Amino acid sequence: MTSQNTQSEAVRSAQQKSLDTVILSPRITEKAAMGTTGNVYTFNVAPDANKIEVKRAIIQMYDVTPTKVHIVRMKPKAKVTRGRRGMKKGYKKAMVYLTQGDTIAF
């Protein structure tokens, strides 16, 4: 019985560690700032993150409960600078919707 308890505790601690790495940073852009008036907050998230992990991480980090989470994968784009071709890095972002009274302070 004790071996099962230690295994489940190990799994829970691994989940807690992984939640810290799910949200990379808040996304501070003009478009994201306009969304905060409607209780929509935008975050850069890990490439392998899903909606459930993002929701759990928001609850753990900011003590607010999201009503819904949308995730968008932005693909890399080709750029030309001074005649040289390159790629703009792709990323993954999450839009987190909160209830009317909740706010997140960055």
# chains A, B, ... in the order shown; residues from 1 in each chain; ligands from 1

call {"tool": "residues_around", "arguments": {"residues": "A:Pro76", "least_positions_apart": "6", "cutoff": "8 Å", "atoms": "only C-alpha atoms", "output": "PyMOL selection string"}}
result
chain A and resi 87-91

call {"tool": "select_by_dssp", "arguments": {"residues": "chain A", "states": "alpha helix (DSSP H)", "output": "ChimeraX atom specification"}}
result
/A:2-22,30-35,51-62

call {"tool": "select_by_dssp", "arguments": {"residues": "stretch 16-103 of chain A", "states": "strand (DSSP E or B)", "output": "JSON list (two decimals) with N, CA and C atoms, in the first residue's frame"}}
result
[["chain", "number", "residue", "atom", "x", "y", "z"],
["A", 23, "ILE", "N", 3.35, 27.64, -18.96],
["A", 23, "ILE", "CA", 3.23, 29.04, -19.36],
["A", 23, "ILE", "C", 4.62, 29.66, -19.38],
["A", 24, "LEU", "N", 5.04, 30.09, -20.57],
["A", 24, "LEU", "CA", 6.38, 30.67, -20.70],
["A", 24, "LEU", "C", 6.40, 32.13, -20.27],
["A", 25, "SER", "N", 5.42, 32.92, -20.74],
["A", 25, "SER", "CA", 5.37, 34.34, -20.39],
["A", 25, "SER", "C", 4.04, 34.92, -20.81],
["A", 26, "PRO", "N", 3.65, 36.03, -20.19],
["A", 26, "PRO", "CA", 2.46, 36.73, -20.70],
["A", 26, "PRO", "C", 2.83, 37.39, -22.03],
["A", 40, "VAL", "N", -9.89, 38.78, -21.43],
["A", 40, "VAL", "CA", -9.17, 37.78, -22.21],
["A", 40, "VAL", "C", -7.68, 38.08, -22.05],
["A", 41, "TYR", "N", -6.92, 37.13, -21.53],
["A", 41, "TYR", "CA", -5.49, 37.30, -21.32],
["A", 41, "TYR", "C", -4.74, 36.34, -22.21],
["A", 42, "THR", "N", -3.64, 36.80, -22.81],
["A", 42, "THR", "CA", -2.88, 36.01, -23.77],
["A", 42, "THR", "C", -1.52, 35.65, -23.20],
["A", 43, "PHE", "N", -1.12, 34.39, -23.36],
["A", 43, "PHE", "CA", 0.15, 33.90, -22.83],
["A", 43, "PHE", "C", 0.89, 33.12, -23.91],
["A", 44, "ASN", "N", 2.23, 33.21, -23.90],
["A", 44, "ASN", "CA", 3.05, 32.30, -24.69],
["A", 44, "ASN", "C", 3.15, 31.01, -23.88],
["A", 45, "VAL", "N", 2.89, 29.88, -24.54],
["A", 45, "VAL", "CA", 2.90, 28.60, -23.84],
["A", 45, "VAL", "C", 3.88, 27.64, -24.52],
["A", 66, "PRO", "N", -10.27, 30.08, -15.06],
["A", 66, "PRO", "CA", -10.66, 30.41, -16.43],
["A", 66, "PRO", "C", -11.98, 29.74, -16.81],
["A", 67, "THR", "N", -12.80, 30.46, -17.60],
["A", 67, "THR", "CA", -14.03, 29.86, -18.10],
["A", 67, "THR", "C", -13.75, 29.04, -19.35],
["A", 68, "LYS", "N", -12.82, 29.50, -20.19],
["A", 68, "LYS", "CA", -12.42, 28.72, -21.36],
["A", 68, "LYS", "C", -11.02, 29.12, -21.80],
["A", 69, "VAL", "N", -10.39, 28.26, -22.58],
["A", 69, "VAL", "CA", -9.03, 28.48, -23.06],
["A", 69, "VAL", "C", -8.99, 28.15, -24.55],
["A", 70, "HIS", "N", -8.46, 29.07, -25.34],
["A", 70, "HIS", "CA", -8.24, 28.82, -26.77],
["A", 70, "HIS", "C", -6.74, 28.79, -27.01],
["A", 71, "ILE", "N", -6.28, 27.83, -27.80],
["A", 71, "ILE", "CA", -4.86, 27.71, -28.12],
["A", 71, "ILE", "C", -4.67, 27.85, -29.62],
["A", 72, "VAL", "N", -3.66, 28.64, -30.00],
["A", 72, "VAL", "CA", -3.37, 28.89, -31.41],
["A", 72, "VAL", "C", -1.89, 28.62, -31.64],
["A", 73, "ARG", "N", -1.59, 27.84, -32.67],
["A", 73, "ARG", "CA", -0.20, 27.61, -33.06],
["A", 73, "ARG", "C", 0.13, 28.54, -34.23],
["A", 74, "MET", "N", 1.08, 29.42, -34.02],
["A", 74, "MET", "CA", 1.51, 30.34, -35.07],
["A", 74, "MET", "C", 2.66, 29.69, -35.82],
["A", 77, "LYS", "N", 7.25, 31.94, -40.39],
["A", 77, "LYS", "CA", 7.03, 32.69, -41.62],
["A", 77, "LYS", "C", 8.36, 33.04, -42.27],
["A", 78, "ALA", "N", 8.38, 33.05, -43.60],
["A", 78, "ALA", "CA", 9.58, 33.44, -44.34],
["A", 78, "ALA", "C", 9.72, 34.96, -44.32],
["A", 79, "LYS", "N", 10.91, 35.44, -44.05],
["A", 79, "LYS", "CA", 11.19, 36.87, -44.02],
["A", 79, "LYS", "C", 12.41, 37.16, -44.88],
["A", 80, "VAL", "N", 12.46, 38.37, -45.45],
["A", 80, "VAL", "CA", 13.61, 38.80, -46.22],
["A", 80, "VAL", "C", 14.12, 40.09, -45.58],
["A", 81, "THR", "N", 15.36, 40.08, -45.13],
["A", 81, "THR", "CA", 15.98, 41.24, -44.52],
["A", 81, "THR", "C", 17.31, 41.52, -45.22],
["A", 84, "ARG", "N", 18.55, 38.93, -47.67],
["A", 84, "ARG", "CA", 18.79, 37.58, -47.19],
["A", 84, "ARG", "C", 17.50, 36.96, -46.71],
["A", 85, "ARG", "N", 17.32, 35.70, -47.08],
["A", 85, "ARG", "CA", 16.12, 35.00, -46.64],
["A", 85, "ARG", "C", 16.34, 34.36, -45.28],
["A", 86, "GLY", "N", 15.29, 34.39, -44.49],
["A", 86, "GLY", "CA", 15.35, 33.77, -43.18],
["A", 86, "GLY", "C", 13.95, 33.35, -42.76],
["A", 87, "MET", "N", 13.85, 32.83, -41.57],
["A", 87, "MET", "CA", 12.57, 32.39, -41.06],
["A", 87, "MET", "C", 12.27, 33.10, -39.75],
["A", 88, "LYS", "N", 11.03, 33.55, -39.60],
["A", 88, "LYS", "CA", 10.56, 34.09, -38.34],
["A", 88, "LYS", "C", 10.07, 32.91, -37.51],
["A", 91, "TYR", "N", 5.50, 29.92, -32.82],
["A", 91, "TYR", "CA", 5.24, 29.81, -31.39],
["A", 91, "TYR", "C", 3.82, 29.35, -31.16],
["A", 92, "LYS", "N", 3.49, 29.13, -29.90],
["A", 92, "LYS", "CA", 2.15, 28.71, -29.53],
["A", 92, "LYS", "C", 1.65, 29.68, -28.46],
["A", 93, "LYS", "N", 0.42, 30.16, -28.62],
["A", 93, "LYS", "CA", -0.13, 31.09, -27.64],
["A", 93, "LYS", "C", -1.49, 30.60, -27.17],
["A", 94, "ALA", "N", -1.85, 31.02, -25.96],
["A", 94, "ALA", "CA", -3.13, 30.64, -25.38],
["A", 94, "ALA", "C", -3.88, 31.88, -24.97],
["A", 95, "MET", "N", -5.16, 31.95, -25.36],
["A", 95, "MET", "CA", -6.05, 33.02, -24.92],
["A", 95, "MET", "C", -6.91, 32.45, -23.79],
["A", 96, "VAL", "N", -6.80, 33.05, -22.62],
["A", 96, "VAL", "CA", -7.48, 32.57, -21.43],
["A", 96, "VAL", "C", -8.62, 33.53, -21.11],
["A", 97, "TYR", "N", -9.84, 33.02, -21.06],
["A", 97, "TYR", "CA", -11.04, 33.82, -20.77],
["A", 97, "TYR", "C", -11.38, 33.66, -19.29],
["A", 98, "LEU", "N", -11.57, 34.79, -18.60],
["A", 98, "LEU", "CA", -11.91, 34.77, -17.18],
["A", 98, "LEU", "C", -13.34, 35.26, -16.97]]

call {"tool": "atom_distance", "arguments": {"atom1": "atom CA of A:Lys75", "atom2": "atom CA of A:Ala32"}}
result
18.4 Å

call {"tool": "atom_distance", "arguments": {"atom1": "atom CA of A:Gly35", "atom2": "atom CA of A:Ala105"}}
result
13.9 Å

call {"tool": "residues_around", "arguments": {"residues": "A:Arg56", "least_positions_apart": "6", "cutoff": "12 Å", "atoms": "only C-alpha atoms", "output": "JSON, numbers by chain"}}
result
{"A": [15, 16, 17, 18, 19, 20, 21, 22, 23, 49, 50, 62, 63, 64, 65, 66, 67, 68, 69, 96]}

call {"tool": "write_last_selection", "arguments": {"atoms": "N, CA and C atoms", "output": "JSON list (two decimals), in the first residue's frame"}}
result
[["chain", "number", "residue", "atom", "x", "y", "z"],
["A", 15, "GLN", "N", 3.58, 16.40, -11.98],
["A", 15, "GLN", "CA", 2.58, 17.24, -12.63],
["A", 15, "GLN", "C", 2.74, 18.69, -12.18],
["A", 16, "GLN", "N", 3.01, 18.91, -10.90],
["A", 16, "GLN", "CA", 3.19, 20.27, -10.39],
["A", 16, "GLN", "C", 4.40, 20.92, -11.04],
["A", 17, "LYS", "N", 5.50, 20.18, -11.20],
["A", 17, "LYS", "CA", 6.68, 20.72, -11.84],
["A", 17, "LYS", "C", 6.40, 21.08, -13.28],
["A", 18, "SER", "N", 5.64, 20.24, -13.97],
["A", 18, "SER", "CA", 5.38, 20.49, -15.37],
["A", 18, "SER", "C", 4.45, 21.69, -15.56],
["A", 19, "LEU", "N", 3.56, 21.96, -14.59],
["A", 19, "LEU", "CA", 2.68, 23.12, -14.72],
["A", 19, "LEU", "C", 3.47, 24.43, -14.68],
["A", 20, "ASP", "N", 4.60, 24.43, -13.99],
["A", 20, "ASP", "CA", 5.43, 25.63, -13.95],
["A", 20, "ASP", "C", 6.05, 25.94, -15.31],
["A", 21, "THR", "N", 6.24, 24.92, -16.13],
["A", 21, "THR", "CA", 6.88, 25.13, -17.42],
["A", 21, "THR", "C", 5.89, 25.25, -18.56],
["A", 22, "VAL", "N", 4.59, 25.15, -18.28],
["A", 22, "VAL", "CA", 3.58, 25.24, -19.34],
["A", 22, "VAL", "C", 3.48, 26.67, -19.86],
["A", 23, "ILE", "N", 3.35, 27.64, -18.96],
["A", 23, "ILE", "CA", 3.23, 29.04, -19.36],
["A", 23, "ILE", "C", 4.62, 29.66, -19.38],
["A", 49, "ALA", "N", 2.04, 22.06, -24.85],
["A", 49, "ALA", "CA", 0.98, 22.32, -23.87],
["A", 49, "ALA", "C", -0.39, 22.13, -24.49],
["A", 50, "ASN", "N", -1.35, 21.69, -23.67],
["A", 50, "ASN", "CA", -2.73, 21.59, -24.13],
["A", 50, "ASN", "C", -3.63, 22.45, -23.24],
["A", 62, "TYR", "N", -2.05, 32.12, -10.75],
["A", 62, "TYR", "CA", -2.74, 33.39, -10.55],
["A", 62, "TYR", "C", -3.97, 33.31, -9.65],
["A", 63, "ASP", "N", -4.34, 32.14, -9.19],
["A", 63, "ASP", "CA", -5.50, 31.95, -8.30],
["A", 63, "ASP", "C", -6.80, 32.50, -8.89],
["A", 64, "VAL", "N", -7.00, 32.32, -10.18],
["A", 64, "VAL", "CA", -8.26, 32.65, -10.85],
["A", 64, "VAL", "C", -8.69, 31.42, -11.64],
["A", 65, "THR", "N", -10.00, 31.30, -11.89],
["A", 65, "THR", "CA", -10.51, 30.14, -12.62],
["A", 65, "THR", "C", -10.94, 30.58, -14.02],
["A", 66, "PRO", "N", -10.27, 30.08, -15.06],
["A", 66, "PRO", "CA", -10.66, 30.41, -16.43],
["A", 66, "PRO", "C", -11.98, 29.74, -16.81],
["A", 67, "THR", "N", -12.80, 30.46, -17.60],
["A", 67, "THR", "CA", -14.03, 29.86, -18.10],
["A", 67, "THR", "C", -13.75, 29.04, -19.35],
["A", 68, "LYS", "N", -12.82, 29.50, -20.19],
["A", 68, "LYS", "CA", -12.42, 28.72, -21.36],
["A", 68, "LYS", "C", -11.02, 29.12, -21.80],
["A", 69, "VAL", "N", -10.39, 28.26, -22.58],
["A", 69, "VAL", "CA", -9.03, 28.48, -23.06],
["A", 69, "VAL", "C", -8.99, 28.15, -24.55],
["A", 96, "VAL", "N", -6.80, 33.05, -22.62],
["A", 96, "VAL", "CA", -7.48, 32.57, -21.43],
["A", 96, "VAL", "C", -8.62, 33.53, -21.11]]

call {"tool": "closest_residue", "arguments": {"among": "A:Ile59, A:Arg82, A:Thr29, A:Met34", "to": "A:Asp102", "atoms": "only C-alpha atoms"}}
result
A:Ile59

call {"tool": "atom_distance", "arguments": {"atom1": "atom CA of A:Ala46", "atom2": "atom CA of A:Ile58"}}
result
13.5 Å

call {"tool": "decode", "arguments": {"residues": "chain A", "atoms": "C-alpha atoms", "output": "PDB file, in the first residue's frame"}}
result
ATOM      1  CA  MET A   1       0.000   0.000   0.000  1.00  0.00           C
ATOM      2  CA  THR A   2       2.811   2.435   0.784  1.00  0.00           C
ATOM      3  CA  SER A   3       4.490   1.885  -2.579  1.00  0.00           C
ATOM      4  CA  GLN A   4       1.289   2.963  -4.355  1.00  0.00           C
ATOM      5  CA  ASN A   5       1.072   6.095  -2.215  1.00  0.00           C
ATOM      6  CA  THR A   6       4.669   7.055  -2.952  1.00  0.00           C
ATOM      7  CA  GLN A   7       4.121   6.471  -6.676  1.00  0.00           C
ATOM      8  CA  SER A   8       0.993   8.635  -6.737  1.00  0.00           C
ATOM      9  CA  GLU A   9       2.810  11.366  -4.786  1.00  0.00           C
ATOM     10  CA  ALA A  10       5.664  11.210  -7.284  1.00  0.00           C
ATOM     11  CA  VAL A  11       3.206  11.560 -10.172  1.00  0.00           C
ATOM     12  CA  ARG A  12       1.528  14.549  -8.496  1.00  0.00           C
ATOM     13  CA  SER A  13       4.854  16.283  -7.871  1.00  0.00           C
ATOM     14  CA  ALA A  14       5.867  15.686 -11.506  1.00  0.00           C
ATOM     15  CA  GLN A  15       2.584  17.242 -12.630  1.00  0.00           C
ATOM     16  CA  GLN A  16       3.189  20.265 -10.394  1.00  0.00           C
ATOM     17  CA  LYS A  17       6.683  20.722 -11.837  1.00  0.00           C
ATOM     18  CA  SER A  18       5.377  20.491 -15.372  1.00  0.00           C
ATOM     19  CA  LEU A  19       2.685  23.122 -14.717  1.00  0.00           C
ATOM     20  CA  ASP A  20       5.426  25.633 -13.950  1.00  0.00           C
ATOM     21  CA  THR A  21       6.881  25.126 -17.423  1.00  0.00           C
ATOM     22  CA  VAL A  22       3.578  25.244 -19.336  1.00  0.00           C
ATOM     23  CA  ILE A  23       3.227  29.042 -19.359  1.00  0.00           C
ATOM     24  CA  LEU A  24       6.377  30.667 -20.704  1.00  0.00           C
ATOM     25  CA  SER A  25       5.375  34.335 -20.392  1.00  0.00           C
ATOM     26  CA  PRO A  26       2.463  36.730 -20.704  1.00  0.00           C
ATOM     27  CA  ARG A  27       2.126  38.045 -24.242  1.00  0.00           C
ATOM     28  CA  ILE A  28       2.496  41.826 -24.075  1.00  0.00           C
ATOM     29  CA  THR A  29       1.291  43.254 -27.391  1.00  0.00           C
ATOM     30  CA  GLU A  30      -1.153  45.962 -28.375  1.00  0.00           C
ATOM     31  CA  LYS A  31      -3.707  43.398 -29.501  1.00  0.00           C
ATOM     32  CA  ALA A  32      -3.356  41.384 -26.280  1.00  0.00           C
ATOM     33  CA  ALA A  33      -3.717  44.564 -24.204  1.00  0.00           C
ATOM     34  CA  MET A  34      -7.009  45.362 -25.938  1.00  0.00           C
ATOM     35  CA  GLY A  35      -8.263  41.885 -25.012  1.00  0.00           C
ATOM     36  CA  THR A  36      -7.727  42.447 -21.300  1.00  0.00           C
ATOM     37  CA  THR A  37     -10.650  44.873 -21.235  1.00  0.00           C
ATOM     38  CA  GLY A  38     -12.876  41.923 -22.169  1.00  0.00           C
ATOM     39  CA  ASN A  39     -11.253  39.599 -19.584  1.00  0.00           C
ATOM     40  CA  VAL A  40      -9.165  37.777 -22.211  1.00  0.00           C
ATOM     41  CA  TYR A  41      -5.493  37.304 -21.315  1.00  0.00           C
ATOM     42  CA  THR A  42      -2.884  36.012 -23.774  1.00  0.00           C
ATOM     43  CA  PHE A  43       0.152  33.902 -22.829  1.00  0.00           C
ATOM     44  CA  ASN A  44       3.050  32.296 -24.686  1.00  0.00           C
ATOM     45  CA  VAL A  45       2.901  28.601 -23.841  1.00  0.00           C
ATOM     46  CA  ALA A  46       5.118  25.543 -24.334  1.00  0.00           C
ATOM     47  CA  PRO A  47       4.849  23.868 -27.750  1.00  0.00           C
ATOM     48  CA  ASP A  48       3.523  20.646 -26.205  1.00  0.00           C
ATOM     49  CA  ALA A  49       0.984  22.320 -23.870  1.00  0.00           C
ATOM     50  CA  ASN A  50      -2.725  21.587 -24.128  1.00  0.00           C
ATOM     51  CA  LYS A  51      -5.849  23.370 -22.850  1.00  0.00           C
ATOM     52  CA  ILE A  52      -6.150  21.340 -19.665  1.00  0.00           C
ATOM     53  CA  GLU A  53      -2.533  21.982 -18.666  1.00  0.00           C
ATOM     54  CA  VAL A  54      -2.852  25.701 -19.403  1.00  0.00           C
ATOM     55  CA  LYS A  55      -6.024  25.946 -17.316  1.00  0.00           C
ATOM     56  CA  ARG A  56      -4.392  24.145 -14.370  1.00  0.00           C
ATOM     57  CA  ALA A  57      -1.291  26.342 -14.613  1.00  0.00           C
ATOM     58  CA  ILE A  58      -3.392  29.549 -14.603  1.00  0.00           C
ATOM     59  CA  ILE A  59      -5.276  28.345 -11.524  1.00  0.00           C
ATOM     60  CA  GLN A  60      -2.012  27.503  -9.761  1.00  0.00           C
ATOM     61  CA  MET A  61      -0.082  30.658 -10.709  1.00  0.00           C
ATOM     62  CA  TYR A  62      -2.736  33.394 -10.555  1.00  0.00           C
ATOM     63  CA  ASP A  63      -5.498  31.952  -8.301  1.00  0.00           C
ATOM     64  CA  VAL A  64      -8.258  32.646 -10.852  1.00  0.00           C
ATOM     65  CA  THR A  65     -10.515  30.144 -12.623  1.00  0.00           C
ATOM     66  CA  PRO A  66     -10.656  30.410 -16.430  1.00  0.00           C
ATOM     67  CA  THR A  67     -14.029  29.861 -18.099  1.00  0.00           C
ATOM     68  CA  LYS A  68     -12.424  28.718 -21.365  1.00  0.00           C
ATOM     69  CA  VAL A  69      -9.028  28.481 -23.062  1.00  0.00           C
ATOM     70  CA  HIS A  70      -8.241  28.819 -26.765  1.00  0.00           C
ATOM     71  CA  ILE A  71      -4.859  27.711 -28.115  1.00  0.00           C
ATOM     72  CA  VAL A  72      -3.369  28.886 -31.414  1.00  0.00           C
ATOM     73  CA  ARG A  73      -0.199  27.608 -33.056  1.00  0.00           C
ATOM     74  CA  MET A  74       1.509  30.345 -35.068  1.00  0.00           C
ATOM     75  CA  LYS A  75       3.529  28.845 -37.918  1.00  0.00           C
ATOM     76  CA  PRO A  76       7.011  30.067 -38.879  1.00  0.00           C
ATOM     77  CA  LYS A  77       7.028  32.690 -41.621  1.00  0.00           C
ATOM     78  CA  ALA A  78       9.580  33.443 -44.340  1.00  0.00           C
ATOM     79  CA  LYS A  79      11.189  36.873 -44.020  1.00  0.00           C
ATOM     80  CA  VAL A  80      13.614  38.805 -46.222  1.00  0.00           C
ATOM     81  CA  THR A  81      15.978  41.245 -44.524  1.00  0.00           C
ATOM     82  CA  ARG A  82      18.648  43.097 -46.537  1.00  0.00           C
ATOM     83  CA  GLY A  83      18.298  40.639 -49.366  1.00  0.00           C
ATOM     84  CA  ARG A  84      18.790  37.579 -47.190  1.00  0.00           C
ATOM     85  CA  ARG A  85      16.123  35.001 -46.641  1.00  0.00           C
ATOM     86  CA  GLY A  86      15.345  33.768 -43.181  1.00  0.00           C
ATOM     87  CA  MET A  87      12.568  32.395 -41.057  1.00  0.00           C
ATOM     88  CA  LYS A  88      10.564  34.094 -38.338  1.00  0.00           C
ATOM     89  CA  LYS A  89      10.197  31.702 -35.416  1.00  0.00           C
ATOM     90  CA  GLY A  90       6.875  29.971 -34.812  1.00  0.00           C
ATOM     91  CA  TYR A  91       5.245  29.809 -31.386  1.00  0.00           C
ATOM     92  CA  LYS A  92       2.148  28.713 -29.525  1.00  0.00           C
ATOM     93  CA  LYS A  93      -0.131  31.090 -27.636  1.00  0.00           C
ATOM     94  CA  ALA A  94      -3.129  30.636 -25.379  1.00  0.00           C
ATOM     95  CA  MET A  95      -6.047  33.019 -24.917  1.00  0.00           C
ATOM     96  CA  VAL A  96      -7.484  32.569 -21.426  1.00  0.00           C
ATOM     97  CA  TYR A  97     -11.035  33.816 -20.769  1.00  0.00           C
ATOM     98  CA  LEU A  98     -11.909  34.774 -17.178  1.00  0.00           C
ATOM     99  CA  THR A  99     -15.204  35.494 -15.452  1.00  0.00           C
ATOM    100  CA  GLN A 100     -16.384  39.099 -15.237  1.00  0.00           C
ATOM    101  CA  GLY A 101     -14.882  40.006 -11.821  1.00  0.00           C
ATOM    102  CA  ASP A 102     -11.489  38.238 -12.122  1.00  0.00           C
ATOM    103  CA  THR A 103      -8.290  39.972 -13.218  1.00  0.00           C
ATOM    104  CA  ILE A 104      -4.634  38.996 -13.614  1.00  0.00           C
ATOM    105  CA  ALA A 105      -1.915  41.506 -12.701  1.00  0.00           C
ATOM    106  CA  PHE A 106       1.382  41.064 -14.542  1.00  0.00           C
TER     107      PHE A 106
END
